[in-house]
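Shown below: my_file_20.pdb, with PDB, C-alpha atoms.
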```pdb
MODEL        1
ATOM      1  CA  THR A 158     107.665  98.789  84.635  1.00  0.00           C
ATOM      2  CA  GLN A 159     104.977  98.594  81.969  1.00  0.00           C
ATOM      3  CA  SER A 160     102.083  99.505  84.305  1.00  0.00           C
ATOM      4  CA  LEU A 161     103.205 101.396  87.398  1.00  0.00           C
ATOM      5  CA  GLY A 162     102.473 105.081  86.864  1.00  0.00           C
ATOM      6  CA  VAL A 163     100.033 104.655  83.994  1.00  0.00           C
ATOM      7  CA  VAL A 164      97.310 102.305  85.295  1.00  0.00           C
ATOM      8  CA  PRO A 165      96.189 101.431  88.828  1.00  0.00           C
ATOM      9  CA  VAL A 166      98.163  98.518  90.260  1.00  0.00           C
ATOM     10  CA  ASP A 167      96.478  96.435  92.973  1.00  0.00           C
ATOM     11  CA  LEU A 168      99.250  95.248  95.285  1.00  0.00           C
ATOM     12  CA  SER A 169      96.868  92.912  97.120  1.00  0.00           C
ATOM     13  CA  LYS A 170      96.914  90.639  94.054  1.00  0.00           C
ATOM     14  CA  THR A 171     100.662  90.118  93.988  1.00  0.00           C
ATOM     15  CA  ASP A 172     103.419  88.745  96.174  1.00  0.00           C
ATOM     16  CA  ILE A 173     106.130  91.047  94.867  1.00  0.00           C
ATOM     17  CA  LEU A 174     106.020  94.106  92.650  1.00  0.00           C
ATOM     18  CA  VAL A 175     109.169  95.093  90.775  1.00  0.00           C
ATOM     19  CA  SER A 176     109.462  98.149  88.567  1.00  0.00           C
ATOM     20  CA  SER A 177     112.164 100.306  87.088  1.00  0.00           C
ATOM     21  CA  SER A 178     112.321 103.956  88.045  1.00  0.00           C
ATOM     22  CA  TYR A 179     112.061 105.185  84.484  1.00  0.00           C
ATOM     23  CA  LYS A 180     109.359 104.681  81.799  1.00  0.00           C
ATOM     24  CA  TRP A 181     105.884 105.415  83.184  1.00  0.00           C
ATOM     25  CA  LEU A 182     107.245 106.598  86.529  1.00  0.00           C
ATOM     26  CA  LEU A 183     108.936 109.423  84.579  1.00  0.00           C
ATOM     27  CA  SER A 184     112.189 109.223  86.546  1.00  0.00           C
ATOM     28  CA  THR A 185     115.703 108.391  85.393  1.00  0.00           C
ATOM     29  CA  HIS A 186     117.558 105.085  85.287  1.00  0.00           C
ATOM     30  CA  GLY A 187     119.205 104.025  88.513  1.00  0.00           C
ATOM     31  CA  LEU A 188     116.629 102.496  90.863  1.00  0.00           C
ATOM     32  CA  GLY A 189     114.419  99.488  91.155  1.00  0.00           C
ATOM     33  CA  VAL A 190     111.091  99.855  92.896  1.00  0.00           C
ATOM     34  CA  LEU A 191     110.298  96.882  95.099  1.00  0.00           C
ATOM     35  CA  ALA A 192     107.051  96.322  97.006  1.00  0.00           C
ATOM     36  CA  PHE A 193     105.998  93.250  98.948  1.00  0.00           C
ATOM     37  CA  ASN A 194     102.748  91.679 100.006  1.00  0.00           C
ATOM     38  CA  PRO A 195     103.071  91.946 103.819  1.00  0.00           C
ATOM     39  CA  GLY A 196     101.890  88.361 104.206  1.00  0.00           C
ATOM     40  CA  ARG A 197     104.786  87.040 102.113  1.00  0.00           C
ATOM     41  CA  PHE A 198     107.597  89.397 103.056  1.00  0.00           C
ATOM     42  CA  GLN A 199     109.081  87.496 106.003  1.00  0.00           C
ATOM     43  CA  ALA A 200     109.422  84.330 103.909  1.00  0.00           C
ATOM     44  CA  LEU A 201     111.723  86.058 101.399  1.00  0.00           C
ATOM     45  CA  THR A 202     115.468  85.804 101.717  1.00  0.00           C
ATOM     46  CA  PRO A 203     117.727  87.968  99.564  1.00  0.00           C
ATOM     47  CA  LYS A 204     120.016  86.120  97.159  1.00  0.00           C
ATOM     48  CA  TYR A 205     122.756  88.697  97.725  1.00  0.00           C
ATOM     49  CA  ILE A 206     123.536  90.945 100.649  1.00  0.00           C
ATOM     50  CA  GLY A 207     125.596  94.075 101.010  1.00  0.00           C
ATOM     51  CA  TRP A 208     126.705  96.290 103.809  1.00  0.00           C
ATOM     52  CA  ARG A 209     123.365  98.180 103.721  1.00  0.00           C
ATOM     53  CA  SER A 210     121.323  94.992 104.086  1.00  0.00           C
ATOM     54  CA  VAL A 211     122.839  93.831 107.360  1.00  0.00           C
ATOM     55  CA  VAL A 212     122.410  95.060 110.919  1.00  0.00           C
ATOM     56  CA  GLU A 213     125.519  96.880 112.153  1.00  0.00           C
ATOM     57  CA  GLY A 214     127.078  96.645 108.693  1.00  0.00           C
ATOM     58  CA  LEU A 215     130.212  98.631 109.545  1.00  0.00           C
ATOM     59  CA  GLU A 216     131.347  96.564 112.518  1.00  0.00           C
ATOM     60  CA  GLU A 217     134.399  94.322 112.151  1.00  0.00           C
ATOM     61  CA  GLU A 218     132.382  91.329 113.430  1.00  0.00           C
ATOM     62  CA  ARG A 219     130.183  91.462 110.325  1.00  0.00           C
ATOM     63  CA  PHE A 220     132.587  89.030 108.655  1.00  0.00           C
ATOM     64  CA  ALA A 221     132.112  86.390 111.336  1.00  0.00           C
ATOM     65  CA  SER A 222     128.330  86.517 111.605  1.00  0.00           C
ATOM     66  CA  PHE A 223     125.603  88.905 110.587  1.00  0.00           C
ATOM     67  CA  ALA A 224     121.858  89.406 110.586  1.00  0.00           C
ATOM     68  CA  VAL A 225     119.886  90.971 107.766  1.00  0.00           C
ATOM     69  CA  HIS A 226     117.415  93.743 108.526  1.00  0.00           C
ATOM     70  CA  SER A 227     113.872  92.632 109.247  1.00  0.00           C
ATOM     71  CA  ASP A 228     112.385  95.159 106.813  1.00  0.00           C
ATOM     72  CA  ALA A 229     112.916  95.987 103.116  1.00  0.00           C
ATOM     73  CA  ARG A 230     116.454  97.212 103.852  1.00  0.00           C
ATOM     74  CA  ARG A 231     117.515  93.557 103.699  1.00  0.00           C
ATOM     75  CA  PHE A 232     117.411  93.938  99.891  1.00  0.00           C
ATOM     76  CA  GLU A 233     119.660  97.026  99.786  1.00  0.00           C
ATOM     77  CA  LEU A 234     123.162  96.180  98.658  1.00  0.00           C
ATOM     78  CA  GLY A 235     124.750  99.617  98.822  1.00  0.00           C
ATOM     79  CA  TYR A 236     123.937 103.266  98.426  1.00  0.00           C
ATOM     80  CA  PRO A 237     121.100 104.084  96.042  1.00  0.00           C
ATOM     81  CA  SER A 238     121.353 106.532  93.166  1.00  0.00           C
ATOM     82  CA  TYR A 239     120.392 109.640  95.128  1.00  0.00           C
ATOM     83  CA  PRO A 240     119.726 111.777  92.044  1.00  0.00           C
ATOM     84  CA  THR A 241     117.233 109.131  90.915  1.00  0.00           C
ATOM     85  CA  VAL A 242     115.653 109.073  94.383  1.00  0.00           C
ATOM     86  CA  TYR A 243     115.078 112.838  94.215  1.00  0.00           C
ATOM     87  CA  VAL A 244     113.663 112.702  90.679  1.00  0.00           C
ATOM     88  CA  LEU A 245     111.435 109.730  91.536  1.00  0.00           C
ATOM     89  CA  GLU A 246     110.107 111.522  94.623  1.00  0.00           C
ATOM     90  CA  TYR A 247     109.138 114.491  92.442  1.00  0.00           C
ATOM     91  CA  THR A 248     107.625 112.457  89.587  1.00  0.00           C
ATOM     92  CA  THR A 249     105.677 110.204  91.969  1.00  0.00           C
ATOM     93  CA  ARG A 250     104.114 113.272  93.552  1.00  0.00           C
ATOM     94  CA  LEU A 251     103.336 114.656  90.077  1.00  0.00           C
ATOM     95  CA  LEU A 252     101.705 111.390  88.964  1.00  0.00           C
ATOM     96  CA  LEU A 253      99.599 111.132  92.116  1.00  0.00           C
ATOM     97  CA  GLU A 254      98.527 114.782  91.903  1.00  0.00           C
ATOM     98  CA  THR A 255      97.567 114.335  88.250  1.00  0.00           C
ATOM     99  CA  GLY A 256      95.712 111.140  89.125  1.00  0.00           C
ATOM    100  CA  ILE A 257      96.514 107.662  87.856  1.00  0.00           C
ATOM    101  CA  GLY A 258      92.885 107.229  86.729  1.00  0.00           C
ATOM    102  CA  LYS A 259      93.125 110.367  84.590  1.00  0.00           C
ATOM    103  CA  ILE A 260      96.455 109.221  83.124  1.00  0.00           C
ATOM    104  CA  GLU A 261      95.055 105.748  82.458  1.00  0.00           C
ATOM    105  CA  SER A 262      91.996 107.159  80.676  1.00  0.00           C
ATOM    106  CA  HIS A 263      94.120 109.336  78.409  1.00  0.00           C
ATOM    107  CA  VAL A 264      96.658 106.612  77.614  1.00  0.00           C
ATOM    108  CA  LEU A 265      93.966 104.007  76.899  1.00  0.00           C
ATOM    109  CA  LYS A 266      92.184 106.456  74.573  1.00  0.00           C
ATOM    110  CA  LEU A 267      95.410 107.132  72.660  1.00  0.00           C
ATOM    111  CA  GLY A 268      96.214 103.412  72.585  1.00  0.00           C
ATOM    112  CA  GLY A 269      92.764 102.639  71.167  1.00  0.00           C
ATOM    113  CA  MET A 270      93.302 105.215  68.420  1.00  0.00           C
ATOM    114  CA  LEU A 271      96.694 103.688  67.607  1.00  0.00           C
ATOM    115  CA  ILE A 272      95.280 100.150  67.508  1.00  0.00           C
ATOM    116  CA  ARG A 273      92.562 101.209  65.044  1.00  0.00           C
ATOM    117  CA  GLN A 274      95.096 102.987  62.834  1.00  0.00           C
ATOM    118  CA  LEU A 275      97.471  99.997  62.847  1.00  0.00           C
ATOM    119  CA  GLU A 276      94.591  97.683  61.921  1.00  0.00           C
ATOM    120  CA  ASP A 277      93.569 100.096  59.135  1.00  0.00           C
ATOM    121  CA  LEU A 278      97.095  99.661  57.768  1.00  0.00           C
ATOM    122  CA  GLY A 279      96.517  95.891  57.725  1.00  0.00           C
ATOM    123  CA  LEU A 280      98.945  95.171  60.552  1.00  0.00           C
ATOM    124  CA  GLN A 281      98.363  92.386  63.069  1.00  0.00           C
ATOM    125  CA  VAL A 282      97.973  94.036  66.469  1.00  0.00           C
ATOM    126  CA  MET A 283      99.184  91.772  69.280  1.00  0.00           C
ATOM    127  CA  THR A 284      97.881  93.951  72.132  1.00  0.00           C
ATOM    128  CA  PRO A 285      94.256  93.318  73.132  1.00  0.00           C
ATOM    129  CA  ALA A 286      91.887  96.035  71.916  1.00  0.00           C
ATOM    130  CA  GLU A 287      89.829  95.767  75.125  1.00  0.00           C
ATOM    131  CA  PRO A 288      91.037  98.622  77.382  1.00  0.00           C
ATOM    132  CA  SER A 289      90.747  96.563  80.570  1.00  0.00           C
ATOM    133  CA  ARG A 290      93.363  94.145  79.205  1.00  0.00           C
ATOM    134  CA  ARG A 291      96.127  96.614  78.365  1.00  0.00           C
ATOM    135  CA  ALA A 292      98.171  99.516  79.699  1.00  0.00           C
ATOM    136  CA  GLY A 293     100.272 101.927  77.662  1.00  0.00           C
ATOM    137  CA  ASN A 294     102.276  99.723  75.310  1.00  0.00           C
ATOM    138  CA  ILE A 295     100.931  98.593  71.946  1.00  0.00           C
ATOM    139  CA  SER A 296     102.593  95.728  70.055  1.00  0.00           C
ATOM    140  CA  PHE A 297     102.078  94.627  66.482  1.00  0.00           C
ATOM    141  CA  ALA A 298     103.578  92.094  64.086  1.00  0.00           C
ATOM    142  CA  PHE A 299     105.329  93.256  60.946  1.00  0.00           C
ATOM    143  CA  GLN A 300     106.745  91.033  58.179  1.00  0.00           C
ATOM    144  CA  ASP A 301     109.974  92.997  57.796  1.00  0.00           C
ATOM    145  CA  ALA A 302     110.606  93.857  61.452  1.00  0.00           C
ATOM    146  CA  ALA A 303     114.375  93.812  61.008  1.00  0.00           C
ATOM    147  CA  GLY A 304     114.090  96.216  58.049  1.00  0.00           C
TER     148      GLY A 304
ENDMDL
END
```

Is it possible to express this structure as structure tokens?
Amino acid sequence: TQSLGVVPVDLSKTDILVSSSYKWLLSTHGLGVLAFNPGRFQALTPKYIGWRSVVEGLEEERFASFAVHSDARRFELGYPSYPTVYVLEYTTRLLLETGIGKIESHVLKLGGMLIRQLEDLGLQVMTPAEPSRRAGNISFAFQDAAG
């Protein structure tokens, strides 16, 4: 959620990627993005199942025994938020056409400017200044955070 859409994400270095559909993906609330390392996928069992996650989900026999789909559908519980699907399809295309590298460069430049300005104000910046160690969010400590 804090990286997908703003910096390159190497799926070969993860077992599971989970992201929201909003924030850097520019879509609306309503979906979770789920991607699996193909080498780990078959070992994963969903904690919950729904009628969309099982084979022949509308048959009466589904209450006696069932089998989950062999692909990512096994993690679908019910119908997705179709408006969010349509928006996410559009924004994903927009992000890819713009270029994640170009977006990353711009965001890291702005983040670097913000870090310097926060430090000039005497604030303790929690986010690493080194661009290779951050994405688009900048965090800092403030004595009167509640205020």

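Here atom CA of Leu168 of chain A is placed at a distance of 11.2 Å from atom CA of Leu191 of chain A.
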
Matched chain/residue IDs from the PyMOL selection byres ((chain A and resi 289-303) around 7), as a ChimeraX atom specification: /A:160,163-164,264-265,268,280-285,287-288,304

Å distance separating atom CA of Thr171 of chain A from atom CA of Gly189 of chain A, one decimal place: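 Between these atoms lies a distance of 16.9 Å.
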
Test item: residues at most 12 Å from Gln199 of chain A, only C-alpha atoms, excluding those fewer than 2 positions along its chain, as a list in words: Asp172, Phe193, Asn194, Pro195, Gly196, Arg197, Leu201, Thr202, Pro203, Val225, His226, Ser227, Asp228, Ala229 and Arg231 of chain A

Separation of atom CA of His186 of chain A from atom CA of Gly269 of chain A, in Å and rounded to one decimal: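 That distance, rounded to one decimal, is 28.6 Å.
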
Shortest interatomic distance to Tyr239 of chain A - which of A:Ser176, A:Ser169, A:Gly258, A:Ser184, counting only C-alpha atoms: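 Among the listed residues, A:Ser184 lies closest to Tyr239 of chain A.
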
Decode the PyMOL selection byres ((chain A and resi 241) around 10) for the given file into explicit residues and return them as a PDB file with C-alpha atoms, keeping the file's coordinate frame.
```pdb
ATOM      1  CA  SER A 178     112.321 103.956  88.045  1.00  0.00           C
ATOM      2  CA  TYR A 179     112.061 105.185  84.484  1.00  0.00           C
ATOM      3  CA  SER A 184     112.189 109.223  86.546  1.00  0.00           C
ATOM      4  CA  THR A 185     115.703 108.391  85.393  1.00  0.00           C
ATOM      5  CA  HIS A 186     117.558 105.085  85.287  1.00  0.00           C
ATOM      6  CA  GLY A 187     119.205 104.025  88.513  1.00  0.00           C
ATOM      7  CA  LEU A 188     116.629 102.496  90.863  1.00  0.00           C
ATOM      8  CA  PRO A 237     121.100 104.084  96.042  1.00  0.00           C
ATOM      9  CA  SER A 238     121.353 106.532  93.166  1.00  0.00           C
ATOM     10  CA  TYR A 239     120.392 109.640  95.128  1.00  0.00           C
ATOM     11  CA  PRO A 240     119.726 111.777  92.044  1.00  0.00           C
ATOM     12  CA  VAL A 242     115.653 109.073  94.383  1.00  0.00           C
ATOM     13  CA  TYR A 243     115.078 112.838  94.215  1.00  0.00           C
ATOM     14  CA  VAL A 244     113.663 112.702  90.679  1.00  0.00           C
ATOM     15  CA  LEU A 245     111.435 109.730  91.536  1.00  0.00           C
ATOM     16  CA  GLU A 246     110.107 111.522  94.623  1.00  0.00           C
ATOM     17  CA  TYR A 247     109.138 114.491  92.442  1.00  0.00           C
TER      18      TYR A 247
END
```

Tyr236 of chain A environment, 10 Å, only C-alpha atoms, sequence neighbours closer than 6 positions dropped, as a ChimeraX atom specification: /A:207-209

Extending 3 Å beyond the listed atoms of segment 168-173 of chain A on each side, what axis-aligned box results? I want centre and edge lengths in Å to one decimal, as AutoDock Vina command-line options.
```
--center_x 101.5 --center_y 92.0 --center_z 95.6 --size_x 15.3 --size_y 12.5 --size_z 9.1
```

The PyMOL selection byres ((chain A and resi 224) around 6) resolved against shown file, as an MDAnalysis selection string: chainID A and resid 211:212 223 225

Proximity to Trp181 of chain A - best of A:Ile257, A:Ala200, A:Met270, A:Ala286, only C-alpha atoms: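 Smallest distance to Trp181 of chain A is found for A:Ile257.
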
Pick from A:Val190, A:Leu251, A:Leu161, A:Leu271 nearest to Val175 of chain A, counting all atoms listed in the file: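 Residue with the minimum atom-to-atom distance to Val175 of chain A: A:Val190.
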